[in-house]
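Chemist: Got a structure for you, written out below as structure tokens; questions coming shortly.
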Amino acid sequence: MISRRSPALRLPAEWEPHEATWISWPRNASDWPGKFAAIPWAFAEMARAIAPGEILRIIVASASHEARARRVLGRVGVDPGRVEFFRIPSDRGWTRDTGPITVLRGARGAQQVVRFRFTAWARYPDWRRDDTVAPRAAQALGLPLVTATHGGRQVVLEGGAVEVNGRGTLITTEECLLDPGVQVRNPGFGRSDYEEIFRRWLGATNVIWLGQGIAGDDTHGHVDDLCRFVGPRTVVVCAEKNSADANHAALAENRERLAGARLEDGSKLEIVALPLPAPLYFDGQRLPASYANFYIANAAVLVPTFNDPMDRVALGILGELFRDRPVVGIHAVDLVWGFGTLHCLTQQQPVPGHR
């Protein structure tokens with residue numbers, strides 16, 4: 001059993017006020033082979049929706065890389081006064097998993113960056129520069145940095161592997177963290193190890209374990225493609241009606257697990273089904289196209305769209321759930337060729353002092 005004492009650190013829910021959003025301006029064409037020319041324009045659309053409500057902090061590789069980003073942002077009308085650039089070496093651009101995970105510490109809610117190790121989802125060889133992004137970002141802002149450890153080891157964890165309501169409940173998947181033989185982040189760690197890690201470093205005293213992620217996900221089960229909190233008591237979870245589809249059984253089981261789960265206060269969750277688009281393939285590979293990979297910014301909720309009839313349905317569902325800010329569709333057919341979309345590319349930095 002893990003301790004139920006109130007932890008010193010808390011990871012706020014994504015809908016809580018942000019000081020800023022972090023993204024990494026695209027530079028690695030191998031993430032989107034054959035489609036890279038379109039990617040900066042997709043980032044610009046994201047920036048145009050985010051910047052009116054908060055500072056946009058953009059990681060770039062060099063002065064020339066920054067200049068290219070400024071030109072694209074200028075052409076779509078992003079206010080340069082809302083953008084800050086940070087020259088930090090990186091390998092790729094999946095900031096949800098490599099950027100600074102900022103928690104609030106103590107009664108005053110001071111910002112602190114928790115440094116989790118990043119090893120490219122225990123899958124790819126290019127990760128060593130990405131592993132230094134979070135500490136370099138913390139240093140650039142003058143924020144305190146604490147290294148997440150457990151059992152005398154530094155913990156490997158990606159932001160896309162966890163989903164929180166900011167009140168003490170965290171959702172993750174067994175496929176991502178407990179599979180003993182595929183993409184193992186922390187060899188030897190079991191359920192109780194991760195629950196203690198979540199309590200100590202993210203303030204989560206109640207963990208809900210789902211089963212598998214969605215088909216096509218090269219992270220091996222990130223939760224942000226299948227189930228998301230949209231309020232302290234409410235989740236959306238992807239559903240696949242076609243019984244012949246690879247996602248059907250796994251998503252049905254995940255919904256059953258949610259129906260039997262409890263929140264931190266012992267109450268049941270409110271569960272809303274979110275459709276999936278029709279299966280999307282490129283070069284014979286199924287892609288993890290999911291409306292659940294939305295991002296909640298201060299000024300808007302950004303939702304990936306896929307030129308699919310379900311786009312309107314998903315936008316309508318999320319529009320009913322988020323009444324305090326507009327829901328904006330962002331074309332993501334090109335983005336998802338990189339095996340991720342909007343949530344994977346962003347990382348929020350909460351306002352200090354917010355409790």
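The way I read the labels, and the way they are meant: chains A, B, ... in the order of the structure tokens, residue 1 as the first residue of every chain, and ligand 1 as the first ligand shown, with later ones counted on from there.
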Using only C-alpha atoms, what table do you get, as JSON lines, when you list each residue of stretch 186-255 of chain A with an atom no more than 10 Å from stretch 326-343 of chain A, its nearest pair of atoms, and their distance in Å rounded to one decimal, rows by chain then rising number?

Modeler:
```
{"residue": "A:Gly216", "atom": "CA", "partner": "A:Phe339", "partner_atom": "CA", "distance": 7.5}
{"residue": "A:Asp217", "atom": "CA", "partner": "A:Phe339", "partner_atom": "CA", "distance": 6.4}
{"residue": "A:Asp218", "atom": "CA", "partner": "A:Phe339", "partner_atom": "CA", "distance": 6.6}
{"residue": "A:Thr219", "atom": "CA", "partner": "A:Phe339", "partner_atom": "CA", "distance": 8.6}
{"residue": "A:Asp224", "atom": "CA", "partner": "A:His343", "partner_atom": "CA", "distance": 7.3}
{"residue": "A:Asp225", "atom": "CA", "partner": "A:Gly340", "partner_atom": "CA", "distance": 8.6}
```

Chemist: Go through stretch 192-274 of chain A residue by residue and, counting only C-alpha atoms, keep those with an atom at most 7 Å from stretch 145-169 of chain A; for each kept residue give the shortest atom pair and its distance in Å to one decimal, ordered by chain and increasing number, as a Markdown table.

Modeler:
```
| residue | atom | partner | partner_atom | distance |
| --- | --- | --- | --- | --- |
| A:Ile197 | CA | A:His150 | CA | 6.7 |
| A:Trp201 | CA | A:Ala148 | CA | 6.5 |
| A:Gly203 | CA | A:Gly168 | CA | 6.2 |
| A:Ala204 | CA | A:Gly168 | CA | 4.3 |
| A:Thr205 | CA | A:Gly168 | CA | 5.2 |
| A:Asn206 | CA | A:Thr169 | CA | 4.7 |
| A:Val207 | CA | A:Thr169 | CA | 5.8 |
| A:His222 | CA | A:Ala161 | CA | 4.6 |
| A:Val223 | CA | A:Ala161 | CA | 5.4 |
| A:Asp224 | CA | A:Gly160 | CA | 5.5 |
| A:Arg228 | CA | A:Glu163 | CA | 6.4 |
| A:Phe229 | CA | A:Asn165 | CA | 6.1 |
| A:Gly231 | CA | A:Asn165 | CA | 6.8 |
| A:Pro232 | CA | A:Asn165 | CA | 5.1 |
| A:Leu263 | CA | A:Thr169 | CA | 6.2 |
| A:Glu264 | CA | A:Thr169 | CA | 5.7 |
```

Chemist: Which residues are near A:Ile58? Cut-off 8 Å, only C-alpha atoms, ignore same chain within fewer than 4 positions. Put them as a list in words.

Modeler: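 Counting only the stated atoms, we get Trp22, Ile23, Ser24, Trp25, Val83, Glu84, Phe85 and Phe86 of chain A.
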
Chemist: Put those residues in a file: N, CA and C atoms, as an mmCIF file, in the first residue's frame.

Modeler:
```cif
data_model
loop_
_atom_site.group_PDB
_atom_site.id
_atom_site.type_symbol
_atom_site.label_atom_id
_atom_site.label_comp_id
_atom_site.auth_asym_id
_atom_site.auth_seq_id
_atom_site.Cartn_x
_atom_site.Cartn_y
_atom_site.Cartn_z
ATOM 1 N N TRP A 22 4.756 24.896 -23.607
ATOM 2 C CA TRP A 22 6.011 24.598 -24.269
ATOM 3 C C TRP A 22 5.757 23.760 -25.519
ATOM 4 N N ILE A 23 6.434 24.102 -26.607
ATOM 5 C CA ILE A 23 6.495 23.250 -27.789
ATOM 6 C C ILE A 23 7.938 23.274 -28.295
ATOM 7 N N SER A 24 8.274 22.328 -29.141
ATOM 8 C CA SER A 24 9.598 22.287 -29.759
ATOM 9 C C SER A 24 9.414 22.435 -31.261
ATOM 10 N N TRP A 25 9.961 23.499 -31.836
ATOM 11 C CA TRP A 25 9.727 23.759 -33.254
ATOM 12 C C TRP A 25 10.298 22.617 -34.095
ATOM 13 N N VAL A 83 5.467 35.175 -27.535
ATOM 14 C CA VAL A 83 6.326 34.025 -27.829
ATOM 15 C C VAL A 83 7.709 34.245 -27.231
ATOM 16 N N GLU A 84 8.239 33.211 -26.590
ATOM 17 C CA GLU A 84 9.610 33.220 -26.090
ATOM 18 C C GLU A 84 10.351 32.023 -26.674
ATOM 19 N N PHE A 85 11.589 32.253 -27.103
ATOM 20 C CA PHE A 85 12.386 31.181 -27.703
ATOM 21 C C PHE A 85 13.508 30.757 -26.764
ATOM 22 N N PHE A 86 13.791 29.453 -26.769
ATOM 23 C CA PHE A 86 14.841 28.886 -25.938
ATOM 24 C C PHE A 86 15.701 27.981 -26.814
#
```

Chemist: Hey, what's within 7 Å of stretch 173-187 of chain A if we count only C-alpha atoms and toss same-chain stuff fewer than 5 positions away? As a PyMOL selection string, please?

Modeler: chain A and resi 121-123+155-156+209-213+220-223

Chemist: Would you list the contacts of A:Arg82 as a ChimeraX atom specification, taking every protein, DNA or RNA residue within 12 Å and counting only C-alpha atoms, but skipping same-chain residues closer than 5 positions in sequence?

Modeler: /A:19-21,47-58,70,73-74,77

Chemist: Write a file of the selected residues as a PDB file, in the first residue's frame, keeping C-alpha atoms.

Modeler:
```pdb
ATOM      1  CA  GLU A  19       1.589  30.416 -17.258  1.00  0.00           C
ATOM      2  CA  ALA A  20       2.815  29.038 -20.573  1.00  0.00           C
ATOM      3  CA  THR A  21       2.771  26.194 -23.069  1.00  0.00           C
ATOM      4  CA  ALA A  47       0.465  28.556 -31.905  1.00  0.00           C
ATOM      5  CA  ARG A  48      -2.253  30.833 -33.232  1.00  0.00           C
ATOM      6  CA  ALA A  49      -4.803  29.145 -30.966  1.00  0.00           C
ATOM      7  CA  ILE A  50      -2.590  28.972 -27.867  1.00  0.00           C
ATOM      8  CA  ALA A  51      -0.797  32.350 -27.801  1.00  0.00           C
ATOM      9  CA  PRO A  52      -3.825  34.592 -27.127  1.00  0.00           C
ATOM     10  CA  GLY A  53      -4.262  32.973 -23.718  1.00  0.00           C
ATOM     11  CA  GLU A  54      -0.732  32.348 -22.476  1.00  0.00           C
ATOM     12  CA  ILE A  55       2.953  32.637 -23.285  1.00  0.00           C
ATOM     13  CA  LEU A  56       4.198  30.183 -25.903  1.00  0.00           C
ATOM     14  CA  ARG A  57       7.689  28.923 -25.059  1.00  0.00           C
ATOM     15  CA  ILE A  58       9.360  27.416 -28.101  1.00  0.00           C
ATOM     16  CA  ARG A  70       9.526  33.492 -36.495  1.00  0.00           C
ATOM     17  CA  LEU A  73       4.515  32.471 -37.038  1.00  0.00           C
ATOM     18  CA  GLY A  74       4.566  35.988 -38.452  1.00  0.00           C
ATOM     19  CA  GLY A  77      -0.403  36.450 -37.409  1.00  0.00           C
TER      20      GLY A  77
END
```

Chemist: Taking the DSSP secondary structure from the backbone, can you list the residues of stretch 16-212 of chain A that are alpha helix (DSSP H), as a VMD selection string?

Modeler: chain A and resid 39 to 50 63 to 75 95 to 98 120 to 123 133 to 141 174 to 177 191 to 202

Chemist: Report as a count of residues only: the residues of stretch 109-268 of chain A with a DSSP assignment of strand (DSSP E), based on the backbone of this structure.

Modeler: 34

Chemist: For the atom pair atom CA of A:Glu253 and atom CA of A:Pro288, what is the interatomic distance in Å to one decimal place?

Modeler: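 These atoms are spaced 18.5 Å apart.
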
Chemist: Nearest residue to A:Leu104 out of A:Ser267, A:Ser192, A:Thr305, A:Gln349, using only C-alpha atoms?

Modeler: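 Comparing A:Ser267, A:Ser192, A:Thr305, A:Gln349 against A:Leu104, the winner is A:Gln349.
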
Chemist: Between A:Gly260, A:Pro26, A:Pro277, A:Pro144, which one has atoms that come closest to A:Trp94, using only C-alpha atoms?

Modeler: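 Of A:Gly260, A:Pro26, A:Pro277, A:Pro144, the one nearest A:Trp94 is A:Pro26, counting only C-alpha atoms.
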
Chemist: Find the spatial neighbours of A:Tyr295, counting only C-alpha atoms, within a cut-off of 9 Å - ignore same-chain residues fewer than 4 positions away - and output them as a ChimeraX atom specification.

Modeler: /A:14,300-304,342-344,346-347

Chemist: Find the distance between atom CA of A:Asp131 and atom CA of A:Val114 and write it in Å to one decimal.

Modeler: 12.7 Å

Chemist: How many Å separate atom CA of A:Ile271 from atom CA of A:Ala246?

Modeler: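 It comes out at 21.9 Å.
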
Chemist: Using only C-alpha atoms, which of A:Arg200, A:Arg68, A:Arg108, A:His18 sits nearest A:Trp41?

Modeler: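 Of A:Arg200, A:Arg68, A:Arg108, A:His18, the one nearest A:Trp41, counting only C-alpha atoms, is A:Arg68.
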
Chemist: With distances taken over only C-alpha atoms, which of A:Glu45, A:Asp97, A:Glu240, A:Asp324 is nearest to A:Leu345?

Modeler: A:Asp97

Chemist: May I ask which of the residues A:Gly266, A:Glu256, A:Trp15, A:Pro279 is the closest one to A:Phe294, counting only C-alpha atoms?

Modeler: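 Distance minimum relative to A:Phe294 lands on A:Trp15.
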
Chemist: Considering only C-alpha atoms, can you say which of A:Val313, A:Val72, A:Ile171, A:Ala63 comes closest to A:Ala37?

Modeler: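 Of A:Val313, A:Val72, A:Ile171, A:Ala63, the one nearest A:Ala37, counting only C-alpha atoms, is A:Val72.
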